[in-house]
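Content type TSV, C-alpha atoms, from the file upload-v9.tsv:
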chain	number	residue	atom	x	y	z
A	18	MET	CA	-3.19	-21.87	31.06
A	19	SER	CA	-3.16	-21.76	27.27
A	20	VAL	CA	-2.58	-18.69	25.14
A	21	PRO	CA	-5.69	-17.53	23.24
A	22	ASN	CA	-5.45	-18.16	19.50
A	23	ALA	CA	-7.39	-17.57	16.28
A	24	GLN	CA	-9.96	-20.21	17.28
A	25	HIS	CA	-10.74	-18.28	20.46
A	26	LEU	CA	-11.05	-15.04	18.50
A	27	ALA	CA	-13.32	-16.80	15.98
A	28	SER	CA	-15.55	-17.91	18.85
A	29	VAL	CA	-15.90	-14.42	20.31
A	30	LEU	CA	-16.26	-12.78	16.91
A	31	SER	CA	-18.85	-15.29	15.68
A	32	LEU	CA	-20.90	-14.73	18.85
A	33	GLN	CA	-20.85	-10.96	18.29
A	34	LEU	CA	-21.81	-11.42	14.62
A	35	GLN	CA	-24.62	-13.80	15.57
A	36	PHE	CA	-26.09	-11.20	17.93
A	37	ALA	CA	-25.75	-8.60	15.15
A	38	ASP	CA	-27.57	-10.99	12.77
A	39	ALA	CA	-24.69	-10.55	10.29
A	40	PRO	CA	-24.90	-12.69	7.14
A	41	PHE	CA	-22.12	-15.13	6.32
A	42	LEU	CA	-21.36	-12.96	3.26
A	43	SER	CA	-19.96	-10.35	5.67
A	44	VAL	CA	-17.32	-12.85	6.83
A	45	ILE	CA	-16.31	-13.65	3.24
A	46	GLN	CA	-16.18	-9.96	2.30
A	47	ALA	CA	-14.07	-9.12	5.34
A	48	ARG	CA	-11.57	-11.82	4.35
A	49	ALA	CA	-11.50	-10.46	0.80
A	50	SER	CA	-10.78	-6.98	2.17
A	51	ILE	CA	-7.96	-8.11	4.44
A	52	TYR	CA	-6.07	-10.61	2.26
A	53	PRO	CA	-4.94	-8.07	-0.37
A	54	VAL	CA	-3.52	-5.87	2.39
A	55	LEU	CA	-1.67	-8.85	3.85
A	56	ALA	CA	-0.32	-9.79	0.40
A	57	ALA	CA	1.00	-6.24	-0.08
A	58	HIS	CA	2.60	-6.28	3.38
A	59	ALA	CA	4.11	-9.70	2.65
A	60	ALA	CA	5.74	-8.29	-0.50
A	61	VAL	CA	7.55	-5.83	1.76
A	62	HIS	CA	8.26	-8.00	4.80
A	63	ALA	CA	8.55	-11.62	3.64
A	64	MET	CA	11.65	-13.48	4.72
A	65	PRO	CA	13.40	-16.06	2.48
A	66	GLU	CA	11.76	-18.91	4.41
A	67	ASP	CA	8.31	-17.38	3.76
A	68	ILE	CA	9.07	-17.20	0.03
A	69	GLU	CA	10.18	-20.82	0.06
A	70	MET	CA	6.99	-21.90	1.84
A	71	LEU	CA	4.86	-19.97	-0.67
A	72	GLN	CA	6.68	-21.61	-3.57
A	73	GLN	CA	6.18	-25.05	-2.02
A	74	SER	CA	2.50	-24.30	-1.54
A	75	VAL	CA	2.14	-23.24	-5.19
A	76	GLU	CA	3.88	-26.46	-6.26
A	77	ARG	CA	1.43	-28.51	-4.18
A	78	LEU	CA	-1.48	-26.57	-5.67
A	79	GLN	CA	-0.23	-27.33	-9.17
A	80	GLU	CA	0.38	-30.98	-8.39
A	81	TYR	CA	-3.03	-31.57	-6.81
A	82	VAL	CA	-5.16	-29.23	-8.94
A	83	ASP	CA	-7.63	-32.06	-9.61
A	84	ASP	CA	-8.22	-32.78	-5.92
A	85	THR	CA	-10.83	-30.28	-4.71
A	86	ASP	CA	-10.52	-31.11	-1.00
A	87	PHE	CA	-6.74	-30.86	-1.10
A	88	MET	CA	-6.95	-27.59	-3.03
A	89	ILE	CA	-9.26	-26.04	-0.43
A	90	ASP	CA	-6.90	-27.00	2.39
A	91	GLU	CA	-3.81	-25.87	0.49
A	92	LEU	CA	-5.37	-22.54	-0.48
A	93	ARG	CA	-6.02	-21.96	3.22
A	94	ARG	CA	-2.36	-22.79	3.98
A	95	PHE	CA	-1.21	-20.49	1.16
A	96	HIS	CA	-3.14	-17.58	2.67
A	97	GLU	CA	-1.92	-18.41	6.17
A	98	ILE	CA	1.67	-18.26	4.89
A	99	ILE	CA	0.95	-14.82	3.44
A	100	ALA	CA	-0.54	-13.71	6.77
A	101	VAL	CA	2.63	-14.77	8.59
A	102	ALA	CA	4.89	-13.25	5.91
A	103	SER	CA	3.07	-9.93	6.22
A	104	ARG	CA	4.32	-9.57	9.80
A	105	ASP	CA	0.97	-7.93	10.56
A	106	THR	CA	-0.05	-9.69	13.75
A	107	VAL	CA	-3.45	-8.03	14.13
A	108	LEU	CA	-4.73	-8.53	10.59
A	109	GLY	CA	-3.15	-11.98	10.43
A	110	LEU	CA	-4.94	-13.13	13.57
A	111	LEU	CA	-8.20	-11.55	12.44
A	112	VAL	CA	-8.15	-13.12	8.98
A	113	ASN	CA	-7.26	-16.53	10.42
A	114	ALA	CA	-10.24	-16.24	12.79
A	115	LEU	CA	-12.49	-15.28	9.87
A	116	HIS	CA	-11.15	-18.22	7.91
A	117	ARG	CA	-11.96	-20.59	10.78
A	118	MET	CA	-15.50	-19.20	10.80
A	119	SER	CA	-15.91	-20.19	7.16
A	120	GLU	CA	-14.58	-23.75	7.41
A	121	GLY	CA	-17.06	-26.27	6.13
A	122	SER	CA	-18.98	-23.74	4.05
A	123	VAL	CA	-17.20	-24.35	0.78
A	124	TYR	CA	-19.22	-24.77	-2.40
A	125	GLY	CA	-18.24	-27.11	-5.24
A	126	VAL	CA	-15.24	-25.70	-7.08
A	127	ASP	CA	-14.88	-26.84	-10.68
A	128	ALA	CA	-11.64	-27.61	-12.55
A	129	LYS	CA	-11.59	-24.24	-14.33
A	130	GLN	CA	-11.81	-22.39	-11.00
A	131	ARG	CA	-9.11	-24.55	-9.45
A	132	ARG	CA	-6.72	-23.84	-12.35
A	133	ALA	CA	-7.51	-20.11	-12.15
A	134	ALA	CA	-6.80	-20.18	-8.41
A	135	VAL	CA	-3.41	-21.82	-9.02
A	136	ARG	CA	-2.52	-19.17	-11.62
A	137	SER	CA	-3.51	-16.40	-9.20
A	138	CYS	CA	-1.49	-17.92	-6.38
A	139	LYS	CA	1.55	-18.18	-8.64
A	140	LYS	CA	1.21	-14.48	-9.54
A	141	ILE	CA	0.76	-13.48	-5.90
A	142	ALA	CA	3.78	-15.54	-4.83
A	143	ARG	CA	5.89	-14.01	-7.62
A	144	ALA	CA	4.86	-10.50	-6.65
A	145	ILE	CA	5.72	-11.17	-3.01
A	146	GLU	CA	9.04	-12.72	-4.00
A	147	SER	CA	9.93	-9.73	-6.20
A	148	GLY	CA	8.92	-7.24	-3.49
A	149	ASP	CA	6.04	-5.76	-5.52
A	150	PRO	CA	3.30	-4.87	-3.02
A	151	GLU	CA	0.98	-3.23	-5.55
A	152	THR	CA	0.87	-6.26	-7.84
A	153	ALA	CA	0.48	-8.60	-4.86
A	154	ARG	CA	-2.46	-6.51	-3.64
A	155	LYS	CA	-4.13	-6.22	-7.06
A	156	VAL	CA	-3.82	-9.91	-7.96
A	157	SER	CA	-5.05	-10.97	-4.54
A	158	GLN	CA	-7.97	-8.55	-4.77
A	159	LYS	CA	-8.99	-9.87	-8.20
A	160	HIS	CA	-8.57	-13.51	-7.13
A	161	LEU	CA	-10.78	-13.03	-4.08
A	162	GLY	CA	-13.34	-10.92	-5.96
A	163	ASP	CA	-13.66	-13.69	-8.55
A	164	ALA	CA	-14.11	-16.23	-5.75
A	165	ILE	CA	-16.88	-14.19	-4.12
A	166	ARG	CA	-18.72	-13.77	-7.42
A	167	GLU	CA	-18.52	-17.53	-7.99
A	168	TYR	CA	-19.69	-18.18	-4.43
A	169	MET	CA	-22.66	-15.88	-5.04
A	170	LYS	CA	-23.59	-17.86	-8.15
A	171	ARG	CA	-23.16	-21.31	-6.62
A	172	ALA	CA	-24.22	-20.88	-2.99
A	173	PRO	CA	-26.28	-17.71	-2.54
A	174	ASP	CA	-28.34	-19.24	0.28
A	175	THR	CA	-25.21	-20.00	2.31
A	176	LEU	CA	-24.07	-16.39	1.98
A	177	LYS	CA	-27.42	-15.10	3.25
A	178	LYS	CA	-27.44	-17.28	6.37
A	179	PRO	CA	-26.65	-15.50	9.62
A	180	VAL	CA	-23.30	-16.21	11.23
A	181	ALA	CA	-23.63	-18.82	13.96
A	182	TRP	CA	-21.58	-18.91	17.14
A	183	MET	CA	-18.58	-21.23	17.12
A	184	ASP	CA	-17.56	-22.68	20.46
A	185	SER	CA	-13.79	-22.24	20.87
A	186	ASP	CA	-13.51	-25.91	21.85
A	187	HIS	CA	-14.49	-27.02	18.33
With the file now loaded, output its structure as structure tokens.
Amino acid sequence: MSVPNAQHLASVLSLQLQFADAPFLSVIQARASIYPVLAAHAAVHAMPEDIEMLQQSVERLQEYVDDTDFMIDELRRFHEIIAVASRDTVLGLLVNALHRMSEGSVYGVDAKQRRAAVRSCKKIARAIESGDPETARKVSQKHLGDAIREYMKRAPDTLKKPVAWMDSDH
């Protein structure tokens, strides 16, 4: 018997949201509400190995800033590291499930946005490393707010679509 994971939670949650006819925007907004809290918690609870992983992630983001697909994957890893570093099991699992629900729904991110994302990640990582929860929260909140506004400009139809159930086997 396997232990349920974020994919299983994403399946159950997406089914509930489908029955509620919730738009995909609600998933993105929930993520944007949770990540700043996780960043603030990470600034308080991160271990040295978490800080090192965040720094390595930022270095990869800087190195591959011109590779959109890599950036999308690395940004997801960056946020997963923060979730682990927060030591908040419930919000970490929830945000990872929400993230899984949004895989494959990414709009085209231009070079300016990618560079801005790298700068934000550097600031978030620095705030976590220095133990500054308020700055980590504020920078994360701004970063994600900017991303949502850009998403609304570039893919408004995607955000309006209802959430569809995700089978936990996929």
Find the residues around stretch 38-40 of chain A up to 6 Å (only C-alpha atoms counted), leave out those fewer than 4 positions away in its own chain, and share them as an NGL selection string.
:A and (34 or 177-180)
Go ahead and dump the residues you just picked, C-alpha atoms, as a PDB file, in the frame of the given file.
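And here's out37.pdb as it stands now:
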ATOM      1  CA  LEU A  34     -21.810 -11.420  14.620  1.00  0.00           C
ATOM      2  CA  LYS A 177     -27.420 -15.100   3.250  1.00  0.00           C
ATOM      3  CA  LYS A 178     -27.440 -17.280   6.370  1.00  0.00           C
ATOM      4  CA  PRO A 179     -26.650 -15.500   9.620  1.00  0.00           C
ATOM      5  CA  VAL A 180     -23.300 -16.210  11.230  1.00  0.00           C
TER       6      VAL A 180
END
Could you pull the residues within 12 Å of stretch 109-117 of chain A, counting all atoms listed in the file, minus those fewer than 3 positions along the same chain, as a PyMOL selection string?
chain A and resi 21-31+34+41-56+58-59+89-90+92-106+120-123+180+182-185+187
Limited to C-alpha atoms, could you put the picked residues into a file as a PDB file, in the coordinates of the input?
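Dumped everything to result.pdb:
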ATOM      1  CA  PRO A  21      -5.690 -17.530  23.240  1.00  0.00           C
ATOM      2  CA  ASN A  22      -5.450 -18.160  19.500  1.00  0.00           C
ATOM      3  CA  ALA A  23      -7.390 -17.570  16.280  1.00  0.00           C
ATOM      4  CA  GLN A  24      -9.960 -20.210  17.280  1.00  0.00           C
ATOM      5  CA  HIS A  25     -10.740 -18.280  20.460  1.00  0.00           C
ATOM      6  CA  LEU A  26     -11.050 -15.040  18.500  1.00  0.00           C
ATOM      7  CA  ALA A  27     -13.320 -16.800  15.980  1.00  0.00           C
ATOM      8  CA  SER A  28     -15.550 -17.910  18.850  1.00  0.00           C
ATOM      9  CA  VAL A  29     -15.900 -14.420  20.310  1.00  0.00           C
ATOM     10  CA  LEU A  30     -16.260 -12.780  16.910  1.00  0.00           C
ATOM     11  CA  SER A  31     -18.850 -15.290  15.680  1.00  0.00           C
ATOM     12  CA  LEU A  34     -21.810 -11.420  14.620  1.00  0.00           C
ATOM     13  CA  PHE A  41     -22.120 -15.130   6.320  1.00  0.00           C
ATOM     14  CA  LEU A  42     -21.360 -12.960   3.260  1.00  0.00           C
ATOM     15  CA  SER A  43     -19.960 -10.350   5.670  1.00  0.00           C
ATOM     16  CA  VAL A  44     -17.320 -12.850   6.830  1.00  0.00           C
ATOM     17  CA  ILE A  45     -16.310 -13.650   3.240  1.00  0.00           C
ATOM     18  CA  GLN A  46     -16.180  -9.960   2.300  1.00  0.00           C
ATOM     19  CA  ALA A  47     -14.070  -9.120   5.340  1.00  0.00           C
ATOM     20  CA  ARG A  48     -11.570 -11.820   4.350  1.00  0.00           C
ATOM     21  CA  ALA A  49     -11.500 -10.460   0.800  1.00  0.00           C
ATOM     22  CA  SER A  50     -10.780  -6.980   2.170  1.00  0.00           C
ATOM     23  CA  ILE A  51      -7.960  -8.110   4.440  1.00  0.00           C
ATOM     24  CA  TYR A  52      -6.070 -10.610   2.260  1.00  0.00           C
ATOM     25  CA  PRO A  53      -4.940  -8.070  -0.370  1.00  0.00           C
ATOM     26  CA  VAL A  54      -3.520  -5.870   2.390  1.00  0.00           C
ATOM     27  CA  LEU A  55      -1.670  -8.850   3.850  1.00  0.00           C
ATOM     28  CA  ALA A  56      -0.320  -9.790   0.400  1.00  0.00           C
ATOM     29  CA  HIS A  58       2.600  -6.280   3.380  1.00  0.00           C
ATOM     30  CA  ALA A  59       4.110  -9.700   2.650  1.00  0.00           C
ATOM     31  CA  ILE A  89      -9.260 -26.040  -0.430  1.00  0.00           C
ATOM     32  CA  ASP A  90      -6.900 -27.000   2.390  1.00  0.00           C
ATOM     33  CA  LEU A  92      -5.370 -22.540  -0.480  1.00  0.00           C
ATOM     34  CA  ARG A  93      -6.020 -21.960   3.220  1.00  0.00           C
ATOM     35  CA  ARG A  94      -2.360 -22.790   3.980  1.00  0.00           C
ATOM     36  CA  PHE A  95      -1.210 -20.490   1.160  1.00  0.00           C
ATOM     37  CA  HIS A  96      -3.140 -17.580   2.670  1.00  0.00           C
ATOM     38  CA  GLU A  97      -1.920 -18.410   6.170  1.00  0.00           C
ATOM     39  CA  ILE A  98       1.670 -18.260   4.890  1.00  0.00           C
ATOM     40  CA  ILE A  99       0.950 -14.820   3.440  1.00  0.00           C
ATOM     41  CA  ALA A 100      -0.540 -13.710   6.770  1.00  0.00           C
ATOM     42  CA  VAL A 101       2.630 -14.770   8.590  1.00  0.00           C
ATOM     43  CA  ALA A 102       4.890 -13.250   5.910  1.00  0.00           C
ATOM     44  CA  SER A 103       3.070  -9.930   6.220  1.00  0.00           C
ATOM     45  CA  ARG A 104       4.320  -9.570   9.800  1.00  0.00           C
ATOM     46  CA  ASP A 105       0.970  -7.930  10.560  1.00  0.00           C
ATOM     47  CA  THR A 106      -0.050  -9.690  13.750  1.00  0.00           C
ATOM     48  CA  GLU A 120     -14.580 -23.750   7.410  1.00  0.00           C
ATOM     49  CA  GLY A 121     -17.060 -26.270   6.130  1.00  0.00           C
ATOM     50  CA  SER A 122     -18.980 -23.740   4.050  1.00  0.00           C
ATOM     51  CA  VAL A 123     -17.200 -24.350   0.780  1.00  0.00           C
ATOM     52  CA  VAL A 180     -23.300 -16.210  11.230  1.00  0.00           C
ATOM     53  CA  TRP A 182     -21.580 -18.910  17.140  1.00  0.00           C
ATOM     54  CA  MET A 183     -18.580 -21.230  17.120  1.00  0.00           C
ATOM     55  CA  ASP A 184     -17.560 -22.680  20.460  1.00  0.00           C
ATOM     56  CA  SER A 185     -13.790 -22.240  20.870  1.00  0.00           C
ATOM     57  CA  HIS A 187     -14.490 -27.020  18.330  1.00  0.00           C
TER      58      HIS A 187
END
Write out as a count of residues only which residues come within 10 Å of stretch 76-80 of chain A when counting all atoms listed in the file, dropping same-chain ones fewer than 4 positions away.
18
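Here atom CA of A:Gln158 is placed at a distance of 20.3 Å from atom CA of A:Met118.
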For atom CA of A:Gln33 and atom CA of A:Lys170, quote the distance in Å rounded to one decimal.
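Taking atom CA of A:Gln33 as the start and atom CA of A:Lys170 as the end point, the length is 27.5 Å.
Between atom CA of A:Ala144 and atom CA of A:Val61 the separation is 10.0 Å.
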